[in-house]
file data-v9.pdb (PDB, C-alpha atoms and all ligand atoms)
MODEL        1
ATOM      1  CA  MET A 175      21.643-175.240  46.553
ATOM      2  CA  SER A 176      24.450-174.941  44.092
ATOM      3  CA  ARG A 177      27.964-176.220  44.564
ATOM      4  CA  PHE A 178      29.539-173.419  42.547
ATOM      5  CA  PRO A 179      28.496-169.945  41.464
ATOM      6  CA  ARG A 180      27.836-170.120  37.741
ATOM      7  CA  ARG A 181      28.261-167.284  35.313
ATOM      8  CA  ALA A 182      27.280-166.912  31.688
ATOM      9  CA  THR A 183      29.924-165.616  29.297
ATOM     10  CA  PRO A 184      28.940-164.116  25.924
ATOM     11  CA  ARG A 185      29.319-166.514  23.026
ATOM     12  CA  ARG A 186      29.359-166.277  19.267
ATOM     13  CA  TYR A 187      27.559-169.009  17.372
ATOM     14  CA  LEU A 188      27.160-169.996  13.735
ATOM     15  CA  MET A 189      23.787-171.443  12.715
ATOM     16  CA  CYS A 190      22.109-172.408   9.441
ATOM     17  CA  SER A 191      18.342-172.299   8.866
ATOM     18  CA  PRO A 192      16.581-175.595   8.065
ATOM     19  CA  ALA A 193      14.933-173.984   5.023
ATOM     20  CA  HIS A 194      16.042-176.993   2.942
ATOM     21  CA  PHE A 195      15.823-179.603   5.715
ATOM     22  CA  LYS A 196      14.618-183.056   4.619
ATOM     23  CA  VAL A 197      15.249-186.660   5.513
ATOM     24  CA  THR A 198      16.001-188.196   2.122
ATOM     25  CA  TYR A 199      18.775-190.600   3.180
ATOM     26  CA  SER A 200      19.611-192.388   6.405
ATOM     27  CA  ILE A 201      23.105-192.111   7.870
ATOM     28  CA  ASN A 202      22.175-192.529  11.524
ATOM     29  CA  PRO A 203      19.515-194.646  13.276
ATOM     30  CA  TRP A 204      17.287-191.632  13.946
ATOM     31  CA  MET A 205      16.742-190.896  10.256
ATOM     32  CA  ASP A 206      13.739-192.530   8.604
ATOM     33  CA  PRO A 207      13.174-191.189   5.076
ATOM     34  CA  SER A 208       9.594-192.545   5.099
ATOM     35  CA  LYS A 209       8.620-190.098   7.878
ATOM     36  CA  PRO A 210       7.504-186.681   6.612
ATOM     37  CA  VAL A 211       9.230-183.539   7.838
ATOM     38  CA  ASP A 212       7.330-180.320   8.492
ATOM     39  CA  VAL A 213       9.746-177.680   7.168
ATOM     40  CA  PRO A 214       7.840-174.572   8.358
ATOM     41  CA  LEU A 215       7.706-176.121  11.851
ATOM     42  CA  ALA A 216      11.416-176.981  11.707
ATOM     43  CA  VAL A 217      12.167-173.377  10.730
ATOM     44  CA  ALA A 218       9.987-172.003  13.533
ATOM     45  CA  GLN A 219      11.656-174.247  16.122
ATOM     46  CA  TRP A 220      15.094-173.301  14.837
ATOM     47  CA  GLU A 221      14.241-169.578  14.931
ATOM     48  CA  ASP A 222      13.152-170.043  18.504
ATOM     49  CA  LEU A 223      16.575-171.460  19.367
ATOM     50  CA  ARG A 224      18.386-168.677  17.496
ATOM     51  CA  ASP A 225      16.273-165.983  19.151
ATOM     52  CA  ARG A 226      16.793-167.574  22.570
ATOM     53  CA  TYR A 227      20.551-167.300  22.174
ATOM     54  CA  ARG A 228      20.183-163.668  21.174
ATOM     55  CA  SER A 229      17.897-162.897  24.092
ATOM     56  CA  LEU A 230      20.552-164.377  26.385
ATOM     57  CA  GLY A 231      23.039-161.874  24.973
ATOM     58  CA  HIS A 232      24.885-164.120  22.539
ATOM     59  CA  THR A 233      25.803-163.342  18.936
ATOM     60  CA  VAL A 234      24.376-165.617  16.261
ATOM     61  CA  GLU A 235      25.838-165.536  12.762
ATOM     62  CA  GLU A 236      23.857-167.168   9.972
ATOM     63  CA  LEU A 237      25.177-169.360   7.213
ATOM     64  CA  THR A 238      23.001-169.342   4.082
ATOM     65  CA  PRO A 239      21.346-172.760   3.628
ATOM     66  CA  ARG A 240      21.858-174.417   0.256
ATOM     67  CA  PRO A 241      19.317-176.531  -1.612
ATOM     68  CA  GLY A 242      20.332-180.165  -1.939
ATOM     69  CA  LEU A 243      22.108-180.145   1.439
ATOM     70  CA  PRO A 244      19.272-181.219   3.769
ATOM     71  CA  ASP A 245      21.534-181.729   6.817
ATOM     72  CA  MET A 246      23.143-178.292   6.601
ATOM     73  CA  VAL A 247      21.018-177.147   9.543
ATOM     74  CA  PHE A 248      23.393-179.202  11.699
ATOM     75  CA  ALA A 249      25.973-176.424  11.574
ATOM     76  CA  ALA A 250      28.053-177.847  14.433
ATOM     77  CA  ASN A 251      29.460-180.354  11.963
ATOM     78  CA  GLY A 252      30.961-177.831   9.544
ATOM     79  CA  ALA A 253      34.133-176.827  11.409
ATOM     80  CA  THR A 254      35.789-176.482  14.820
ATOM     81  CA  VAL A 255      37.003-173.063  15.901
ATOM     82  CA  ILE A 256      39.348-172.457  18.825
ATOM     83  CA  GLY A 257      41.166-169.167  19.384
ATOM     84  CA  GLY A 258      40.041-167.968  15.958
ATOM     85  CA  ARG A 259      41.736-170.913  14.227
ATOM     86  CA  VAL A 260      39.414-172.883  11.989
ATOM     87  CA  LEU A 261      39.763-176.607  11.470
ATOM     88  CA  GLY A 262      37.502-177.420   8.538
ATOM     89  CA  ALA A 263      35.403-180.565   8.303
ATOM     90  CA  ARG A 264      35.637-183.569   6.043
ATOM     91  CA  PHE A 265      32.423-185.555   6.112
ATOM     92  CA  ALA A 266      32.218-189.334   6.369
ATOM     93  CA  TYR A 267      29.277-189.589   3.932
ATOM     94  CA  PRO A 268      29.320-188.034   0.443
ATOM     95  CA  GLU A 269      25.782-186.660   0.919
ATOM     96  CA  ARG A 270      27.179-184.061   3.331
ATOM     97  CA  GLY A 271      30.551-183.449   1.651
ATOM     98  CA  PRO A 272      29.752-180.039   0.083
ATOM     99  CA  GLU A 273      28.772-178.606   3.491
ATOM    100  CA  ALA A 274      32.465-178.430   4.388
ATOM    101  CA  VAL A 275      33.073-176.149   1.399
ATOM    102  CA  ALA A 276      30.156-173.885   2.334
ATOM    103  CA  HIS A 277      31.580-173.478   5.837
ATOM    104  CA  LEU A 278      35.100-172.717   4.642
ATOM    105  CA  GLU A 279      33.716-170.101   2.255
ATOM    106  CA  TRP A 280      31.841-168.481   5.125
ATOM    107  CA  PHE A 281      34.980-168.332   7.265
ATOM    108  CA  ARG A 282      37.045-166.856   4.434
ATOM    109  CA  GLU A 283      34.387-164.197   3.813
ATOM    110  CA  HIS A 284      34.251-163.332   7.500
ATOM    111  CA  GLY A 285      37.895-162.537   8.100
ATOM    112  CA  PHE A 286      39.172-165.872   9.392
ATOM    113  CA  THR A 287      42.631-166.400   7.915
ATOM    114  CA  ASP A 288      43.982-169.321   9.896
ATOM    115  CA  LEU A 289      42.149-172.219   8.255
ATOM    116  CA  LEU A 290      43.036-175.853   7.737
ATOM    117  CA  GLU A 291      41.318-178.111   5.219
ATOM    118  CA  PRO A 292      41.747-181.466   6.918
ATOM    119  CA  THR A 293      43.194-184.622   5.441
ATOM    120  CA  HIS A 294      41.234-186.930   7.729
ATOM    121  CA  VAL A 295      37.504-187.268   8.311
ATOM    122  CA  ASN A 296      36.175-185.079  11.123
ATOM    123  CA  GLU A 297      32.651-183.722  11.434
ATOM    124  CA  GLY A 298      33.493-180.574  13.359
ATOM    125  CA  GLU A 299      31.989-180.237  16.781
ATOM    126  CA  GLY A 300      29.956-183.372  16.205
ATOM    127  CA  ASP A 301      32.987-185.283  17.455
ATOM    128  CA  PHE A 302      35.124-182.505  19.001
ATOM    129  CA  ALA A 303      34.091-181.052  22.370
ATOM    130  CA  VAL A 304      36.203-178.216  23.720
ATOM    131  CA  THR A 305      36.998-177.723  27.408
ATOM    132  CA  SER A 306      39.557-175.305  28.843
ATOM    133  CA  SER A 307      42.151-178.088  29.118
ATOM    134  CA  TYR A 308      41.404-180.500  26.314
ATOM    135  CA  VAL A 309      39.670-181.240  23.086
ATOM    136  CA  LEU A 310      37.582-184.353  23.733
ATOM    137  CA  ALA A 311      37.321-186.292  20.496
ATOM    138  CA  GLY A 312      34.854-189.017  19.589
ATOM    139  CA  ARG A 313      35.569-191.807  17.134
ATOM    140  CA  GLY A 314      33.920-195.022  16.092
ATOM    141  CA  PHE A 315      31.170-193.893  13.744
ATOM    142  CA  ARG A 316      32.256-190.701  11.968
ATOM    143  CA  ALA A 317      35.583-189.040  12.809
ATOM    144  CA  SER A 318      38.700-190.905  11.762
ATOM    145  CA  PRO A 319      41.017-191.661  14.704
ATOM    146  CA  LEU A 320      43.679-189.934  12.583
ATOM    147  CA  SER A 321      41.717-186.685  12.790
ATOM    148  CA  HIS A 322      42.599-186.532  16.482
ATOM    149  CA  GLY A 323      46.305-186.114  15.786
ATOM    150  CA  GLU A 324      45.505-183.603  13.066
ATOM    151  CA  ALA A 325      43.424-181.527  15.503
ATOM    152  CA  GLN A 326      46.053-181.732  18.246
ATOM    153  CA  GLU A 327      48.778-180.527  15.896
ATOM    154  CA  PHE A 328      46.640-177.686  14.530
ATOM    155  CA  PHE A 329      45.287-176.395  17.850
ATOM    156  CA  GLY A 330      48.279-177.308  20.030
ATOM    157  CA  CYS A 331      45.833-178.590  22.596
ATOM    158  CA  PRO A 332      45.782-182.115  24.050
ATOM    159  CA  VAL A 333      43.208-184.248  22.268
ATOM    160  CA  ILE A 334      41.616-187.033  24.275
ATOM    161  CA  GLY A 335      40.236-189.833  22.094
ATOM    162  CA  LEU A 336      36.968-191.413  23.219
ATOM    163  CA  ASP A 337      35.450-194.520  21.630
ATOM    164  CA  LEU A 338      31.741-194.400  20.868
ATOM    165  CA  VAL A 339      30.058-197.816  20.809
ATOM    166  CA  ASP A 340      26.284-197.294  20.418
ATOM    167  CA  PRO A 341      25.088-196.241  16.924
ATOM    168  CA  ARG A 342      22.328-194.074  18.411
ATOM    169  CA  TYR A 343      25.125-191.904  19.820
ATOM    170  CA  TYR A 344      27.104-191.698  16.603
ATOM    171  CA  HIS A 345      28.653-188.312  17.373
ATOM    172  CA  LEU A 346      30.323-187.326  20.640
ATOM    173  CA  ASP A 347      27.874-184.426  21.011
ATOM    174  CA  THR A 348      24.965-186.875  21.276
ATOM    175  CA  ALA A 349      26.558-188.460  24.367
ATOM    176  CA  LEU A 350      28.482-185.680  26.118
ATOM    177  CA  ALA A 351      28.076-181.951  26.677
ATOM    178  CA  VAL A 352      30.501-179.410  28.124
ATOM    179  CA  LEU A 353      28.677-177.447  30.823
ATOM    180  CA  SER A 354      31.414-175.073  31.894
ATOM    181  CA  ASP A 355      35.037-174.490  31.255
ATOM    182  CA  ALA A 356      37.318-172.962  33.882
ATOM    183  CA  GLY A 357      36.634-169.482  32.523
ATOM    184  CA  ASP A 358      32.964-169.774  33.463
ATOM    185  CA  ALA A 359      33.620-170.281  37.179
ATOM    186  CA  GLY A 360      32.582-167.359  39.351
ATOM    187  CA  ASP A 361      35.175-165.503  41.401
ATOM    188  CA  ALA A 362      34.380-167.405  44.560
ATOM    189  CA  GLY A 363      34.650-170.822  43.049
ATOM    190  CA  ASP A 364      37.143-172.734  40.996
ATOM    191  CA  ALA A 365      34.722-175.121  39.387
ATOM    192  CA  GLY A 366      36.970-176.028  36.457
ATOM    193  CA  ASP A 367      35.711-178.026  33.538
ATOM    194  CA  ASP A 368      32.315-179.580  34.018
ATOM    195  CA  VAL A 369      30.611-182.028  31.682
ATOM    196  CA  MET A 370      27.578-184.287  31.527
ATOM    197  CA  TYR A 371      27.591-187.577  29.661
ATOM    198  CA  TYR A 372      25.913-190.928  29.160
ATOM    199  CA  PRO A 373      28.449-193.664  30.049
ATOM    200  CA  PRO A 374      26.987-196.590  28.015
ATOM    201  CA  ALA A 375      27.636-194.639  24.810
ATOM    202  CA  PHE A 376      31.378-195.133  25.450
ATOM    203  CA  SER A 377      33.681-198.146  25.544
ATOM    204  CA  PRO A 378      34.735-199.334  29.037
ATOM    205  CA  GLY A 379      38.192-197.809  28.624
ATOM    206  CA  SER A 380      36.779-194.476  27.509
ATOM    207  CA  GLN A 381      34.346-194.507  30.454
ATOM    208  CA  ALA A 382      37.366-194.922  32.728
ATOM    209  CA  VAL A 383      39.092-191.964  31.022
ATOM    210  CA  LEU A 384      36.012-189.806  31.552
ATOM    211  CA  ARG A 385      35.793-190.804  35.227
ATOM    212  CA  ARG A 386      39.449-189.904  35.669
ATOM    213  CA  LEU A 387      39.182-186.519  33.944
ATOM    214  CA  PHE A 388      35.747-185.574  35.285
ATOM    215  CA  PRO A 389      35.139-187.424  38.571
ATOM    216  CA  ASP A 390      32.246-185.084  39.453
ATOM    217  CA  ALA A 391      30.512-185.122  36.076
ATOM    218  CA  LEU A 392      26.741-185.172  35.798
ATOM    219  CA  ILE A 393      25.860-188.716  34.721
ATOM    220  CA  ALA A 394      22.822-188.938  32.450
ATOM    221  CA  GLU A 395      20.304-191.787  32.534
ATOM    222  CA  GLU A 396      19.026-193.588  29.464
ATOM    223  CA  PRO A 397      15.655-191.776  28.978
ATOM    224  CA  ASP A 398      17.436-188.424  28.857
ATOM    225  CA  ALA A 399      20.125-189.735  26.517
ATOM    226  CA  VAL A 400      17.429-191.139  24.203
ATOM    227  CA  ALA A 401      15.732-187.726  24.251
ATOM    228  CA  LEU A 402      19.108-186.409  22.957
ATOM    229  CA  GLY A 403      19.455-184.495  26.235
ATOM    230  CA  LEU A 404      23.236-184.529  25.953
ATOM    231  CA  ASN A 405      22.974-182.576  22.720
ATOM    232  CA  ALA A 406      23.033-179.396  24.778
ATOM    233  CA  VAL A 407      24.717-175.990  24.654
ATOM    234  CA  SER A 408      25.846-174.189  27.792
ATOM    235  CA  ASP A 409      27.056-170.613  28.159
ATOM    236  CA  GLY A 410      28.337-171.407  31.632
ATOM    237  CA  LEU A 411      24.981-170.747  33.280
ATOM    238  CA  HIS A 412      22.115-171.422  30.851
ATOM    239  CA  VAL A 413      21.959-174.921  29.445
ATOM    240  CA  LEU A 414      19.785-175.133  26.321
ATOM    241  CA  LEU A 415      18.686-178.708  25.799
ATOM    242  CA  PRO A 416      15.883-180.764  24.218
ATOM    243  CA  GLN A 417      12.708-180.392  26.228
ATOM    244  CA  GLY A 418      12.194-184.148  26.464
ATOM    245  CA  ALA A 419      15.255-184.584  28.668
ATOM    246  CA  VAL A 420      13.253-183.782  31.799
ATOM    247  CA  GLY A 421      15.429-185.932  34.068
ATOM    248  CA  LEU A 422      18.357-183.572  33.553
ATOM    249  CA  PHE A 423      16.592-180.417  34.732
ATOM    250  CA  ALA A 424      16.885-181.021  38.502
ATOM    251  CA  PRO A 425      20.497-182.266  38.470
ATOM    252  CA  LEU A 426      21.482-179.250  36.346
ATOM    253  CA  ARG A 427      19.774-176.882  38.797
ATOM    254  CA  GLU A 428      21.516-178.575  41.735
ATOM    255  CA  ARG A 429      24.826-177.783  40.068
ATOM    256  CA  GLY A 430      23.869-174.139  39.671
ATOM    257  CA  TYR A 431      22.801-174.169  36.017
ATOM    258  CA  GLU A 432      19.549-172.932  34.516
ATOM    259  CA  PRO A 433      18.086-175.507  32.154
ATOM    260  CA  VAL A 434      16.406-173.922  29.120
ATOM    261  CA  PRO A 435      14.215-176.592  27.468
ATOM    262  CA  MET A 436      13.819-176.212  23.703
ATOM    263  CA  ASP A 437      11.397-177.917  21.311
ATOM    264  CA  LEU A 438      13.326-179.126  18.261
ATOM    265  CA  SER A 439      11.115-182.133  17.533
ATOM    266  CA  GLU A 440      11.374-181.770  13.751
ATOM    267  CA  LEU A 441      15.166-181.763  13.795
ATOM    268  CA  LEU A 442      15.217-184.901  15.940
ATOM    269  CA  LYS A 443      14.032-186.647  12.763
ATOM    270  CA  GLY A 444      17.488-185.933  11.340
ATOM    271  CA  GLY A 445      19.193-187.200  14.477
ATOM    272  CA  GLY A 446      20.110-183.821  15.906
ATOM    273  CA  SER A 447      19.046-181.203  18.391
ATOM    274  CA  VAL A 448      20.330-178.060  20.104
ATOM    275  CA  LYS A 449      24.078-178.659  19.923
ATOM    276  CA  CYS A 450      24.009-180.082  16.397
ATOM    277  CA  CYS A 451      22.454-176.811  15.213
ATOM    278  CA  THR A 452      25.057-174.668  16.966
ATOM    279  CA  GLN A 453      28.697-174.204  16.088
ATOM    280  CA  GLU A 454      30.645-172.119  18.592
ATOM    281  CA  LEU A 455      33.087-169.562  17.190
ATOM    282  CA  ARG A 456      35.744-169.302  19.913
ATOM    283  CA  GLY A 457      38.139-166.378  20.096
TER     284      GLY A 457
HETATM  285  N1  LIG B   1      21.657-186.168   9.950
HETATM  286  C1  LIG B   1      22.896-185.652  10.430
HETATM  287  C2  LIG B   1      23.984-186.705  10.291
HETATM  288  O1  LIG B   1      23.705-187.843  10.565
HETATM  289  C3  LIG B   1      22.779-185.224  11.855
HETATM  290  C4  LIG B   1      23.998-184.567  12.374
HETATM  291  C5  LIG B   1      23.835-184.140  13.777
HETATM  292  N2  LIG B   1      24.859-183.296  14.193
HETATM  293  C6  LIG B   1      25.574-183.455  15.312
HETATM  294  N3  LIG B   1      26.409-182.506  15.645
HETATM  295  N4  LIG B   1      25.476-184.537  16.026
HETATM  296  O2  LIG B   1      25.091-186.406   9.919
ENDMDL
END
call {"tool": "encode", "arguments": {"input": "data-v9.pdb", "output": "structure tokens"}}
result
Amino acid sequence: MSRFPRRATPRRYLMCSPAHFKVTYSINPWMDPSKPVDVPLAVAQWEDLRDRYRSLGHTVEELTPRPGLPDMVFAANGATVIGGRVLGARFAYPERGPEAVAHLEWFREHGFTDLLEPTHVNEGEGDFAVTSSYVLAGRGFRASPLSHGEAQEFFGCPVIGLDLVDPRYYHLDTALAVLSDAGDAGDAGDAGDDVMYYPPAFSPGSQAVLRRLFPDALIAEEPDAVALGLNAVSDGLHVLLPQGAVGLFAPLRERGYEPVPMDLSELLKGGGSVKCCTQELRG
């Protein structure tokens, strides 16, 4: 039984192969440089995700991976695109700094003309989540609080700051996923923006903001959050998420979504999963 009719809308994504993926430094609690990474397996898992998007009718663009940038597979961090306007990234840690340049070059080569190189640290969609009404913006571990004003001015869209408090959920997209924006609602229903999130990742005040904005949100439990289940990508109907987040499957189905479990076990070693690998090119 679903509360609202759900409908997939075609998306355009930017992804980057983990051909040079490694864990050589540790900038989040998931990364342990002493654990080996199986690159061919990482590539196979990533190709599976890319091909799944394509089989669902979405467009996937590929950014060429660069040696020496082992986290480049986490393409969500390289920029934020809304209505064809590109807000570049500025990374918190120098190890990832050059990724921002690689992304901007890609956008310039692909006909995007409205680009901003930011003054303040923001790691793209790692900390910016886009709904039809707002940009939700994480802070606390990576993005500078000043990046929120910069994004609001550039996009002309209200930016809602949310404080992250648990280092395991160092980016907003590890603690919250947008399931549908108003445009995804079927004709018969006005479902509006729908999100799922893990409350303990947020400060008490930010939890209250989320309850106010999304009173009907899907609330995740700890085992699914730890499985990085909130690091999910929805096209309005299909929700691609880490396969370990089994507790989310039934609640997603009850809300009319189709969970699509993905195995990205190798990329979990870098602290990322489905959403981290996927930057959405909007408009
Ligand atoms: N190792 C990367 C980092 O810590 C993982 C980034 C994950 N990306 C994301 N969108 N959460 O920066």
call {"tool": "residues_around", "arguments": {"input": "data-v9.pdb", "residues": "Asn405 in chain A", "least_positions_apart": "6", "cutoff": "7 Å", "atoms": "all atoms listed in the file", "output": "list in words"}}
result
Asp347, Thr348, Ala351, Leu415, Ser447, Val448, Lys449 and Cys450 of chain A
call {"tool": "residues_near_ligand", "arguments": {"input": "data-v9.pdb", "ligand": "ligand LIG 1 (chain B)", "cutoff": "9 Å", "atoms": "all atoms listed in the file", "output": "ChimeraX atom specification"}}
result
/A:197,199-205,244-252,265-267,270,297-301,316,343-348,405,441-453
call {"tool": "resolve_selection", "arguments": {"input": "data-v9.pdb", "expression": "the PyMOL selection byres (((chain A and resi 314) around 8) and not hetatm)", "output": "PyMOL selection string"}}
result
chain A and resi 312-313+315-319+337-339+344
call {"tool": "resolve_selection", "arguments": {"input": "data-v9.pdb", "expression": "the PyMOL selection byres (((chain A and resi 377) around 10) and not hetatm)", "output": "ChimeraX atom specification"}}
result
/A:314,336-340,373-376,378-383
call {"tool": "write_last_selection", "arguments": {"input": "data-v9.pdb", "atoms": "C-alpha atoms", "output": "short mmCIF file (atom, residue, chain, number, x, y, z; two decimals), in the coordinates of the input"}}
result
data_model
loop_
_atom_site.label_atom_id
_atom_site.label_comp_id
_atom_site.auth_asym_id
_atom_site.auth_seq_id
_atom_site.Cartn_x
_atom_site.Cartn_y
_atom_site.Cartn_z
CA GLY A 314 33.92 -195.02 16.09
CA LEU A 336 36.97 -191.41 23.22
CA ASP A 337 35.45 -194.52 21.63
CA LEU A 338 31.74 -194.40 20.87
CA VAL A 339 30.06 -197.82 20.81
CA ASP A 340 26.28 -197.29 20.42
CA PRO A 373 28.45 -193.66 30.05
CA PRO A 374 26.99 -196.59 28.02
CA ALA A 375 27.64 -194.64 24.81
CA PHE A 376 31.38 -195.13 25.45
CA PRO A 378 34.74 -199.33 29.04
CA GLY A 379 38.19 -197.81 28.62
CA SER A 380 36.78 -194.48 27.51
CA GLN A 381 34.35 -194.51 30.45
CA ALA A 382 37.37 -194.92 32.73
CA VAL A 383 39.09 -191.96 31.02
#
call {"tool": "residues_around", "arguments": {"input": "data-v9.pdb", "residues": "Thr254 in chain A", "least_positions_apart": "2", "cutoff": "12 Å", "atoms": "all atoms listed in the file", "output": "PyMOL selection string"}}
result
chain A and resi 187-188+249-252+256-264+274+277-278+281+288-292+296-304+309+311+321+325+328-329+452-457
call {"tool": "closest_residue", "arguments": {"input": "data-v9.pdb", "among": "A:Ser307, A:Arg342, A:Pro241, A:Arg186", "to": "Gly330 in chain A", "atoms": "all atoms listed in the file"}}
result
A:Ser307
call {"tool": "closest_residue", "arguments": {"input": "data-v9.pdb", "among": "A:Gly242, A:Pro435, A:Pro389, A:Gly231", "to": "Gly418 in chain A", "atoms": "only C-alpha atoms"}}
result
A:Pro435
call {"tool": "atom_distance", "arguments": {"input": "data-v9.pdb", "atom1": "CA of Leu310 in chain A", "atom2": "CA of Leu402 in chain A"}}
result
18.6 Å
call {"tool": "closest_residue", "arguments": {"input": "data-v9.pdb", "among": "A:Asp398, A:Met370, A:Phe195, A:Pro425", "to": "Arg385 in chain A", "atoms": "all atoms listed in the file"}}
result
A:Met370
call {"tool": "closest_residue", "arguments": {"input": "data-v9.pdb", "among": "A:Glu432, A:Glu273, A:Glu327, A:Glu283", "to": "Pro239 in chain A", "atoms": "only C-alpha atoms"}}
result
A:Glu273
call {"tool": "residues_near_point", "arguments": {"input": "data-v9.pdb", "point": "(28.4, -187.0, 36.3)", "cutoff": "9 Å", "atoms": "all atoms listed in the file", "output": "JSON, numbers by chain"}}
result
{"A": [368, 369, 370, 371, 372, 385, 388, 389, 390, 391, 392, 393, 394]}
call {"tool": "closest_residue", "arguments": {"input": "data-v9.pdb", "among": "A:Glu236, A:Glu324, A:Asp355, A:Glu279", "to": "Cys190 in chain A", "atoms": "all atoms listed in the file"}}
result
A:Glu236
call {"tool": "build_atoms", "arguments": {"input": "data-v9.pdb", "residues": "range 291-313 of chain A", "atoms": "N, CA and C atoms", "output": "PDB file, keeping the file's coordinate frame"}}
result
ATOM      1  N   GLU A 291      42.181-177.112   5.866  1.00  0.00           N
ATOM      2  CA  GLU A 291      41.318-178.111   5.219  1.00  0.00           C
ATOM      3  C   GLU A 291      41.886-179.467   5.593  1.00  0.00           C
ATOM      4  N   PRO A 292      41.155-180.264   6.336  1.00  0.00           N
ATOM      5  CA  PRO A 292      41.747-181.466   6.918  1.00  0.00           C
ATOM      6  C   PRO A 292      41.969-182.588   5.905  1.00  0.00           C
ATOM      7  N   THR A 293      42.916-183.430   6.237  1.00  0.00           N
ATOM      8  CA  THR A 293      43.194-184.622   5.441  1.00  0.00           C
ATOM      9  C   THR A 293      42.288-185.766   5.872  1.00  0.00           C
ATOM     10  N   HIS A 294      41.975-185.790   7.173  1.00  0.00           N
ATOM     11  CA  HIS A 294      41.234-186.930   7.729  1.00  0.00           C
ATOM     12  C   HIS A 294      39.796-186.534   8.061  1.00  0.00           C
ATOM     13  N   VAL A 295      38.919-187.539   8.050  1.00  0.00           N
ATOM     14  CA  VAL A 295      37.504-187.268   8.311  1.00  0.00           C
ATOM     15  C   VAL A 295      37.311-186.748   9.735  1.00  0.00           C
ATOM     16  N   ASN A 296      36.667-185.568   9.829  1.00  0.00           N
ATOM     17  CA  ASN A 296      36.175-185.079  11.123  1.00  0.00           C
ATOM     18  C   ASN A 296      34.920-184.299  10.814  1.00  0.00           C
ATOM     19  N   GLU A 297      33.917-184.418  11.665  1.00  0.00           N
ATOM     20  CA  GLU A 297      32.651-183.722  11.434  1.00  0.00           C
ATOM     21  C   GLU A 297      32.495-182.611  12.470  1.00  0.00           C
ATOM     22  N   GLY A 298      33.534-181.779  12.537  1.00  0.00           N
ATOM     23  CA  GLY A 298      33.493-180.574  13.359  1.00  0.00           C
ATOM     24  C   GLY A 298      33.177-180.900  14.810  1.00  0.00           C
ATOM     25  N   GLU A 299      32.322-180.075  15.371  1.00  0.00           N
ATOM     26  CA  GLU A 299      31.989-180.237  16.781  1.00  0.00           C
ATOM     27  C   GLU A 299      31.050-181.420  17.037  1.00  0.00           C
ATOM     28  N   GLY A 300      30.680-182.124  15.975  1.00  0.00           N
ATOM     29  CA  GLY A 300      29.956-183.372  16.205  1.00  0.00           C
ATOM     30  C   GLY A 300      30.800-184.309  17.056  1.00  0.00           C
ATOM     31  N   ASP A 301      32.091-184.396  16.716  1.00  0.00           N
ATOM     32  CA  ASP A 301      32.987-185.283  17.455  1.00  0.00           C
ATOM     33  C   ASP A 301      34.060-184.563  18.262  1.00  0.00           C
ATOM     34  N   PHE A 302      34.155-183.242  18.172  1.00  0.00           N
ATOM     35  CA  PHE A 302      35.124-182.505  19.001  1.00  0.00           C
ATOM     36  C   PHE A 302      34.367-181.665  20.028  1.00  0.00           C
ATOM     37  N   ALA A 303      34.675-181.870  21.301  1.00  0.00           N
ATOM     38  CA  ALA A 303      34.091-181.052  22.370  1.00  0.00           C
ATOM     39  C   ALA A 303      35.239-180.340  23.068  1.00  0.00           C
ATOM     40  N   VAL A 304      35.088-179.028  23.237  1.00  0.00           N
ATOM     41  CA  VAL A 304      36.203-178.216  23.720  1.00  0.00           C
ATOM     42  C   VAL A 304      36.006-177.836  25.184  1.00  0.00           C
ATOM     43  N   THR A 305      36.983-178.190  26.025  1.00  0.00           N
ATOM     44  CA  THR A 305      36.998-177.723  27.408  1.00  0.00           C
ATOM     45  C   THR A 305      38.202-176.786  27.538  1.00  0.00           C
ATOM     46  N   SER A 306      38.422-176.234  28.721  1.00  0.00           N
ATOM     47  CA  SER A 306      39.557-175.305  28.843  1.00  0.00           C
ATOM     48  C   SER A 306      40.888-176.046  28.779  1.00  0.00           C
ATOM     49  N   SER A 307      40.892-177.345  29.081  1.00  0.00           N
ATOM     50  CA  SER A 307      42.151-178.088  29.118  1.00  0.00           C
ATOM     51  C   SER A 307      42.375-178.992  27.912  1.00  0.00           C
ATOM     52  N   TYR A 308      41.278-179.468  27.335  1.00  0.00           N
ATOM     53  CA  TYR A 308      41.404-180.500  26.314  1.00  0.00           C
ATOM     54  C   TYR A 308      40.423-180.276  25.180  1.00  0.00           C
ATOM     55  N   VAL A 309      40.710-180.980  24.078  1.00  0.00           N
ATOM     56  CA  VAL A 309      39.670-181.240  23.086  1.00  0.00           C
ATOM     57  C   VAL A 309      39.299-182.711  23.280  1.00  0.00           C
ATOM     58  N   LEU A 310      38.059-182.974  23.633  1.00  0.00           N
ATOM     59  CA  LEU A 310      37.582-184.353  23.733  1.00  0.00           C
ATOM     60  C   LEU A 310      37.143-184.755  22.334  1.00  0.00           C
ATOM     61  N   ALA A 311      37.535-185.942  21.903  1.00  0.00           N
ATOM     62  CA  ALA A 311      37.321-186.292  20.496  1.00  0.00           C
ATOM     63  C   ALA A 311      36.713-187.685  20.371  1.00  0.00           C
ATOM     64  N   GLY A 312      35.522-187.739  19.801  1.00  0.00           N
ATOM     65  CA  GLY A 312      34.854-189.017  19.589  1.00  0.00           C
ATOM     66  C   GLY A 312      35.379-189.709  18.352  1.00  0.00           C
ATOM     67  N   ARG A 313      35.235-191.021  18.326  1.00  0.00           N
ATOM     68  CA  ARG A 313      35.569-191.807  17.134  1.00  0.00           C
ATOM     69  C   ARG A 313      34.761-193.103  17.220  1.00  0.00           C
TER      70      ARG A 313
END
